[in-house]
file upload10.cif (mmCIF, C-alpha atoms and all ligand atoms)
data_upload
loop_
_atom_site.label_atom_id
_atom_site.label_comp_id
_atom_site.auth_asym_id
_atom_site.auth_seq_id
_atom_site.Cartn_x
_atom_site.Cartn_y
_atom_site.Cartn_z
CA MET H 1 165.49 130.89 179.48
CA PRO H 2 167.89 133.86 179.39
CA GLN H 3 167.33 136.65 181.92
CA PRO H 4 165.69 139.92 180.88
CA ILE H 5 167.85 142.79 179.62
CA LYS H 6 167.94 145.40 182.38
CA VAL H 7 168.78 148.98 181.48
CA GLU H 8 169.34 151.31 184.43
CA ASP H 9 170.00 155.05 184.56
CA LEU H 10 171.34 155.08 181.02
CA ASN H 11 172.54 158.42 179.62
CA ILE H 12 173.92 158.45 176.10
CA TYR H 13 176.25 161.12 174.74
CA TYR H 14 177.86 162.25 171.50
CA GLY H 15 180.76 164.25 172.94
CA ASP H 16 179.08 166.78 175.26
CA PHE H 17 175.67 166.38 173.68
CA LEU H 18 173.28 164.33 175.80
CA ALA H 19 171.28 162.55 173.10
CA VAL H 20 169.21 160.18 175.25
CA GLU H 21 168.54 160.73 178.95
CA ASP H 22 167.84 158.43 181.83
CA VAL H 23 166.49 155.26 180.28
CA ASN H 24 165.28 152.62 182.70
CA VAL H 25 163.70 149.60 181.11
CA THR H 26 163.48 145.83 181.33
CA ILE H 27 163.32 143.92 178.06
CA GLN H 28 161.80 140.45 178.23
CA PRO H 29 163.79 137.55 176.77
CA ARG H 30 162.56 135.60 173.74
CA SER H 31 160.05 138.24 172.82
CA VAL H 32 159.93 141.14 170.39
CA THR H 33 160.21 144.70 171.69
CA ALA H 34 159.51 147.46 169.16
CA LEU H 35 160.81 151.01 169.59
CA ILE H 36 158.86 153.79 167.94
CA GLY H 37 158.98 157.58 168.00
CA PRO H 38 159.65 160.59 165.78
CA SER H 39 162.88 160.93 163.84
CA GLY H 40 165.83 162.14 165.91
CA CYS H 41 164.47 161.08 169.30
CA GLY H 42 167.30 158.60 169.88
CA LYS H 43 165.90 155.19 168.93
CA SER H 44 168.98 154.16 166.94
CA THR H 45 171.30 155.68 169.52
CA PHE H 46 169.65 153.70 172.29
CA LEU H 47 169.66 150.50 170.23
CA ARG H 48 173.40 150.79 169.60
CA THR H 49 174.12 151.00 173.32
CA LEU H 50 172.66 147.51 173.73
CA ASN H 51 175.69 145.97 172.02
CA ARG H 52 178.28 148.71 172.57
CA MET H 53 178.23 149.78 168.92
CA HIS H 54 177.53 153.34 170.05
CA GLU H 55 181.03 153.91 171.35
CA VAL H 56 182.56 153.04 167.96
CA ILE H 57 181.64 156.64 166.99
CA PRO H 58 184.47 159.02 168.07
CA GLY H 59 183.51 160.92 171.24
CA ALA H 60 180.40 158.81 171.80
CA HIS H 61 179.90 157.21 175.18
CA ALA H 62 177.25 155.98 177.57
CA GLU H 63 176.80 156.05 181.34
CA GLY H 64 174.69 153.64 183.31
CA THR H 65 174.21 149.92 183.20
CA VAL H 66 172.93 147.48 180.63
CA GLU H 67 172.64 144.01 182.06
CA ILE H 68 172.40 141.18 179.55
CA ASP H 69 171.85 137.73 180.94
CA GLY H 70 172.98 138.89 184.34
CA GLN H 71 176.14 140.71 183.23
CA ASN H 72 176.63 144.48 182.98
CA ILE H 73 178.05 144.91 179.48
CA TYR H 74 179.56 148.24 180.61
CA GLY H 75 181.26 146.61 183.59
CA PRO H 76 185.03 146.57 184.03
CA GLY H 77 186.97 144.09 181.92
CA ILE H 78 184.12 143.42 179.47
CA ASP H 79 185.31 142.95 175.89
CA PRO H 80 182.98 144.86 173.52
CA VAL H 81 183.81 142.42 170.71
CA ASN H 82 182.42 139.59 172.80
CA VAL H 83 179.33 141.68 173.62
CA ARG H 84 178.73 142.18 169.88
CA ARG H 85 178.88 138.44 169.33
CA ARG H 86 176.22 137.90 171.99
CA VAL H 87 174.13 140.80 170.74
CA GLY H 88 173.91 140.88 166.94
CA MET H 89 172.65 143.71 164.80
CA VAL H 90 170.77 144.02 161.52
CA PHE H 91 170.80 147.40 159.81
CA GLN H 92 168.37 149.45 157.74
CA LYS H 93 170.18 148.76 154.52
CA ALA H 94 171.15 145.14 153.90
CA ASN H 95 174.95 145.04 153.92
CA PRO H 96 176.20 141.66 152.68
CA PHE H 97 179.95 141.62 152.09
CA PRO H 98 180.12 142.58 148.42
CA THR H 99 182.93 140.29 147.31
CA MET H 100 181.67 137.21 149.15
CA SER H 101 179.47 134.33 148.09
CA ILE H 102 176.19 133.62 149.86
CA ARG H 103 177.90 130.83 151.78
CA ASP H 104 180.86 132.96 152.87
CA ASN H 105 178.56 135.77 153.92
CA VAL H 106 176.77 133.42 156.30
CA LEU H 107 180.09 132.20 157.66
CA ALA H 108 181.78 135.61 157.90
CA GLY H 109 181.04 136.31 161.57
CA ALA H 110 181.41 132.69 162.67
CA LYS H 111 184.85 132.49 161.02
CA LEU H 112 186.02 135.60 162.85
CA ASN H 113 185.11 133.96 166.14
CA ASN H 114 186.36 130.47 165.34
CA ARG H 115 188.98 130.35 162.64
CA ARG H 116 189.19 126.60 162.27
CA LEU H 117 185.77 125.49 161.14
CA PRO H 118 185.82 122.06 159.45
CA ARG H 119 184.02 121.89 156.10
CA ARG H 120 181.19 119.67 157.30
CA GLU H 121 180.49 121.83 160.35
CA ALA H 122 180.60 124.90 158.14
CA ASP H 123 178.10 123.34 155.72
CA GLU H 124 175.78 122.51 158.59
CA LEU H 125 176.04 125.99 160.01
CA VAL H 126 175.29 127.54 156.60
CA GLU H 127 172.21 125.39 156.13
CA ARG H 128 170.95 125.87 159.68
CA SER H 129 171.42 129.65 159.56
CA LEU H 130 169.82 130.02 156.13
CA ARG H 131 166.90 127.85 157.21
CA GLY H 132 166.64 129.97 160.35
CA ALA H 133 166.44 133.05 158.15
CA ASN H 134 163.79 131.49 155.85
CA LEU H 135 166.18 131.72 152.92
CA TRP H 136 167.51 128.18 152.44
CA GLU H 137 165.02 127.00 149.82
CA GLU H 138 165.63 130.09 147.70
CA VAL H 139 169.42 129.89 147.67
CA LYS H 140 170.47 126.29 148.33
CA ASP H 141 171.40 125.75 144.65
CA ARG H 142 173.55 128.84 144.39
CA LEU H 143 175.47 129.10 147.63
CA ASP H 144 178.68 129.96 145.79
CA LYS H 145 177.10 132.86 143.89
CA PRO H 146 177.66 136.42 145.16
CA GLY H 147 175.44 137.62 148.01
CA LEU H 148 174.90 140.82 146.08
CA GLY H 149 173.05 138.88 143.36
CA LEU H 150 170.07 138.44 145.66
CA SER H 151 167.04 140.73 145.83
CA GLY H 152 166.89 143.37 148.55
CA GLY H 153 164.62 141.27 150.74
CA GLN H 154 166.79 138.18 150.26
CA GLN H 155 169.91 140.21 151.09
CA GLN H 156 168.31 141.34 154.32
CA ARG H 157 167.48 137.73 155.21
CA LEU H 158 171.08 136.82 154.32
CA CYS H 159 172.25 139.44 156.81
CA ILE H 160 169.92 137.91 159.40
CA ALA H 161 171.40 134.47 158.61
CA ARG H 162 174.91 135.91 159.09
CA THR H 163 173.81 137.42 162.40
CA ILE H 164 172.28 134.22 163.80
CA ALA H 165 175.20 132.08 162.55
CA VAL H 166 177.25 133.29 165.52
CA LYS H 167 174.45 132.14 167.87
CA PRO H 168 173.71 135.43 169.60
CA GLU H 169 171.31 135.77 172.52
CA VAL H 170 169.86 139.05 171.32
CA VAL H 171 169.20 140.42 167.82
CA LEU H 172 168.88 144.18 167.35
CA MET H 173 167.22 145.46 164.19
CA ASP H 174 167.25 149.10 163.13
CA GLU H 175 164.42 149.71 160.65
CA PRO H 176 165.25 146.45 158.84
CA CYS H 177 162.38 146.77 156.36
CA SER H 178 162.50 150.44 155.48
CA ALA H 179 164.27 149.77 152.15
CA LEU H 180 162.07 146.79 151.24
CA ASP H 181 158.91 146.32 149.21
CA PRO H 182 155.72 145.16 151.02
CA ILE H 183 156.13 141.46 150.16
CA SER H 184 159.73 141.34 151.38
CA THR H 185 158.65 143.29 154.45
CA LEU H 186 156.04 140.65 155.29
CA ALA H 187 158.65 137.92 154.79
CA ILE H 188 160.91 139.61 157.34
CA GLU H 189 158.01 140.13 159.74
CA ASP H 190 157.13 136.41 159.51
CA LEU H 191 160.76 135.63 160.15
CA ILE H 192 160.80 137.85 163.25
CA HIS H 193 157.89 135.79 164.60
CA GLU H 194 159.95 132.64 164.13
CA LEU H 195 163.15 134.11 165.56
CA LYS H 196 161.64 135.15 168.86
CA LYS H 197 161.40 131.50 169.88
CA ASP H 198 165.19 131.49 170.11
CA TYR H 199 166.27 135.11 170.44
CA THR H 200 165.41 138.29 172.26
CA ILE H 201 164.59 140.83 169.57
CA VAL H 202 164.59 144.61 169.78
CA ILE H 203 163.44 146.34 166.61
CA VAL H 204 163.32 150.04 165.76
CA THR H 205 160.60 150.84 163.29
CA HIS H 206 158.98 154.06 162.11
CA ASN H 207 156.06 151.99 160.89
CA MET H 208 153.43 151.72 163.61
CA GLN H 209 151.52 148.98 161.77
CA GLN H 210 154.72 146.99 161.74
CA ALA H 211 155.25 147.53 165.46
CA SER H 212 151.72 146.33 166.16
CA ARG H 213 152.13 143.31 163.87
CA VAL H 214 155.48 142.02 165.09
CA SER H 215 155.98 143.05 168.68
CA ASP H 216 154.89 141.91 172.11
CA ARG H 217 155.96 145.13 173.80
CA THR H 218 156.31 148.62 172.36
CA GLY H 219 158.38 151.49 173.71
CA PHE H 220 157.74 155.09 172.69
CA PHE H 221 160.65 157.56 172.58
CA ASN H 222 160.15 161.31 172.20
CA ILE H 223 162.04 164.60 172.36
CA ALA H 224 160.82 167.91 173.74
CA GLY H 225 162.59 169.81 170.92
CA THR H 226 165.72 170.03 168.80
CA GLY H 227 168.89 169.82 170.87
CA LYS H 228 167.01 168.31 173.81
CA PRO H 229 167.66 164.72 174.87
CA GLY H 230 165.35 161.91 173.87
CA HIS H 231 163.40 160.04 176.57
CA LEU H 232 161.70 156.71 176.73
CA ILE H 233 158.23 158.01 177.49
CA GLU H 234 156.35 154.78 177.92
CA ILE H 235 156.72 151.07 177.33
CA ASP H 236 153.98 148.51 177.67
CA ASP H 237 152.27 145.58 176.01
CA THR H 238 151.87 146.44 172.35
CA GLU H 239 148.11 146.06 172.36
CA LYS H 240 147.78 148.42 175.30
CA MET H 241 150.19 150.96 173.79
CA PHE H 242 148.11 151.15 170.61
CA THR H 243 144.69 151.15 172.23
CA ASN H 244 145.00 152.70 175.64
CA PRO H 245 148.41 154.22 176.40
CA GLU H 246 148.99 155.86 179.79
CA ASN H 247 150.85 158.90 178.49
CA GLU H 248 149.30 161.72 176.49
CA GLN H 249 152.39 162.08 174.29
CA THR H 250 152.08 158.43 173.31
CA GLU H 251 148.39 158.91 172.59
CA ASN H 252 149.11 161.92 170.37
CA TYR H 253 151.86 160.11 168.51
CA ILE H 254 150.00 156.90 167.80
CA SER H 255 146.91 158.82 166.72
CA GLY H 256 149.06 160.66 164.17
CA LYS H 257 148.99 164.13 165.73
CA PHE H 258 152.75 164.54 165.22
CA GLY H 259 155.88 162.75 164.03
N1 LIG H 301 177.00 159.96 164.81
C1 LIG H 301 176.39 160.95 165.48
N2 LIG H 301 177.09 162.01 165.92
C2 LIG H 301 176.49 163.04 166.58
N3 LIG H 301 175.17 163.09 166.86
C3 LIG H 301 174.41 162.05 166.43
C4 LIG H 301 174.98 160.93 165.71
N4 LIG H 301 173.97 160.07 165.43
C5 LIG H 301 172.85 160.61 165.94
N5 LIG H 301 173.11 161.81 166.54
C6 LIG H 301 172.12 162.69 167.20
O1 LIG H 301 171.50 161.98 168.25
C7 LIG H 301 170.11 162.28 168.28
C8 LIG H 301 169.33 160.98 168.15
O2 LIG H 301 169.52 160.47 166.84
P1 LIG H 301 169.07 159.00 166.39
O3 LIG H 301 169.42 158.06 167.46
O4 LIG H 301 169.62 158.76 165.04
O5 LIG H 301 167.48 159.17 166.34
P2 LIG H 301 166.38 158.21 165.66
O6 LIG H 301 167.01 156.90 165.37
O7 LIG H 301 165.28 158.16 166.67
O8 LIG H 301 165.92 158.93 164.42
C9 LIG H 301 169.86 163.29 167.17
O9 LIG H 301 169.90 164.58 167.73
C10 LIG H 301 171.01 163.04 166.23
O10 LIG H 301 171.32 164.22 165.51
MG MG H 302 167.26 155.86 163.56
#

call {"tool": "encode", "arguments": {"input": "upload10.cif", "output": "structure tokens"}}
result
Amino acid sequence: MPQPIKVEDLNIYYGDFLAVEDVNVTIQPRSVTALIGPSGCGKSTFLRTLNRMHEVIPGAHAEGTVEIDGQNIYGPGIDPVNVRRRVGMVFQKANPFPTMSIRDNVLAGAKLNNRRLPRREADELVERSLRGANLWEEVKDRLDKPGLGLSGGQQQRLCIARTIAVKPEVVLMDEPCSALDPISTLAIEDLIHELKKDYTIVIVTHNMQQASRVSDRTGFFNIAGTGKPGHLIEIDDTEKMFTNPENEQTENYISGKFG
């Protein structure tokens, strides 16, 4: 079992602007943690610090520690590219590589990491990843067709297949269903249930029903006002967060008083 993700004293900046302040949280391995909160409170910003994607934005940086499987990913000598292999990310809008076949999309990340992949190993990896993403049966007869020919929900599962093909420890998802219809959304939610057997999953969602359906733990972020930093207000077992939260701000948010 991997160790928990430990975030300590994390402050996240865009240039001089402190966007998220003082996050301290432990994220349990092989479980689903949902992050909820009003728009602009820093959910995506926080998520991107968990695989060092944040600092790709010019001027953006983070202070503090994020320990993944016992290693501070902000420690000296850590290669962010390697961190992003261990901690994969799925975005709001499915983003298969437009010129690539379904097969090559699945292999894209794995090929970057390991250029010489024999055909048979590649075939096995494609099948295993597509099965893992609950997509194999739907695409096995058209692996050489473009990824863009798939429906939105299938494209999102293709992106999940591409993410798990590099065998990450953690999968981050930023509103992965917000562009999908209800049936495709349920397919992704079912898939998340399957994936947590093998991966630690952190998912941002603005849909509270979704958070309560898919997650074991839920964290609530909030901001005091525009220009103020976001804070992680409370994190607890999902059932408790939605029935009996400790914090009044959480209570007001989940009961629909704002946001
Ligand atoms: N690329 C960026 N450059 C500068 N500020 C940003 C950038 N992305 C987000 N922000 C700011 O950081 C704060 C948190 O945004 P974000 O993490 O996107 O919130 P959420 O995902 O909760 O809606 C907001 O004030 C937003 O304007
Ligand atoms: Mg966001």

call {"tool": "residues_around", "arguments": {"input": "upload10.cif", "residues": "Leu148 of chain H", "least_positions_apart": "3", "cutoff": "12 Å", "atoms": "all atoms listed in the file", "output": "list of chain:residue names"}}
result
H:Ala94, H:Asn95, H:Pro96, H:Phe97, H:Pro98, H:Thr99, H:Met100, H:Ser101, H:Ile102, H:Arg103, H:Asp104, H:Asn105, H:Leu143, H:Asp144, H:Lys145, H:Ser151, H:Gly152, H:Gly153, H:Gln154, H:Gln155, H:Gln156, H:Leu158, H:Cys159

call {"tool": "residues_around", "arguments": {"input": "upload10.cif", "residues": "Val214 of chain H", "least_positions_apart": "4", "cutoff": "9 Å", "atoms": "only C-alpha atoms", "output": "PyMOL selection string"}}
result
chain H and resi 32-34+189-190+192-193+209-210

call {"tool": "write_last_selection", "arguments": {"input": "upload10.cif", "atoms": "C-alpha atoms", "output": "PDB file, keeping the file's coordinate frame"}}
result
ATOM      1  CA  VAL H  32     159.930 141.140 170.390  1.00  0.00           C
ATOM      2  CA  THR H  33     160.210 144.700 171.690  1.00  0.00           C
ATOM      3  CA  ALA H  34     159.510 147.460 169.160  1.00  0.00           C
ATOM      4  CA  GLU H 189     158.010 140.130 159.740  1.00  0.00           C
ATOM      5  CA  ASP H 190     157.130 136.410 159.510  1.00  0.00           C
ATOM      6  CA  ILE H 192     160.800 137.850 163.250  1.00  0.00           C
ATOM      7  CA  HIS H 193     157.890 135.790 164.600  1.00  0.00           C
ATOM      8  CA  GLN H 209     151.520 148.980 161.770  1.00  0.00           C
ATOM      9  CA  GLN H 210     154.720 146.990 161.740  1.00  0.00           C
TER      10      GLN H 210
END

call {"tool": "closest_atom_pairs", "arguments": {"input": "upload10.cif", "of": "chain H", "to": "ligand MG 302 (chain H)", "cutoff": "12 Å", "atoms": "only C-alpha atoms and all ligand atoms", "output": "CSV"}}
result
residue,atom,partner,partner_atom,distance
H:Leu35,CA,H:MG302,MG,10.1
H:Ile36,CA,H:MG302,MG,9.7
H:Gly37,CA,H:MG302,MG,9.6
H:Pro38,CA,H:MG302,MG,9.2
H:Ser39,CA,H:MG302,MG,6.7
H:Gly40,CA,H:MG302,MG,6.9
H:Cys41,CA,H:MG302,MG,8.2
H:Gly42,CA,H:MG302,MG,6.9
H:Lys43,CA,H:MG302,MG,5.6
H:Ser44,CA,H:MG302,MG,4.2
H:Thr45,CA,H:MG302,MG,7.2
H:Phe46,CA,H:MG302,MG,9.3
H:Leu47,CA,H:MG302,MG,8.9
H:Arg48,CA,H:MG302,MG,10.0
H:Phe91,CA,H:MG302,MG,9.9
H:Gln92,CA,H:MG302,MG,8.7
H:Lys93,CA,H:MG302,MG,11.9
H:Met173,CA,H:MG302,MG,10.4
H:Asp174,CA,H:MG302,MG,6.8
H:Glu175,CA,H:MG302,MG,7.4
H:Pro176,CA,H:MG302,MG,10.7
H:Ser178,CA,H:MG302,MG,10.8
H:Ile203,CA,H:MG302,MG,10.7
H:Val204,CA,H:MG302,MG,7.4
H:Thr205,CA,H:MG302,MG,8.3
H:His206,CA,H:MG302,MG,8.6
H:Phe221,CA,H:MG302,MG,11.3

call {"tool": "atom_distance", "arguments": {"input": "upload10.cif", "atom1": "atom CA of Val90 of chain H", "atom2": "atom CA of Ala224 of chain H"}}
result
28.6 Å

call {"tool": "residues_around", "arguments": {"input": "upload10.cif", "residues": "Leu232 of chain H", "least_positions_apart": "2", "cutoff": "7 Å", "atoms": "all atoms listed in the file", "output": "ChimeraX atom specification"}}
result
/H:23,219-222,230,234
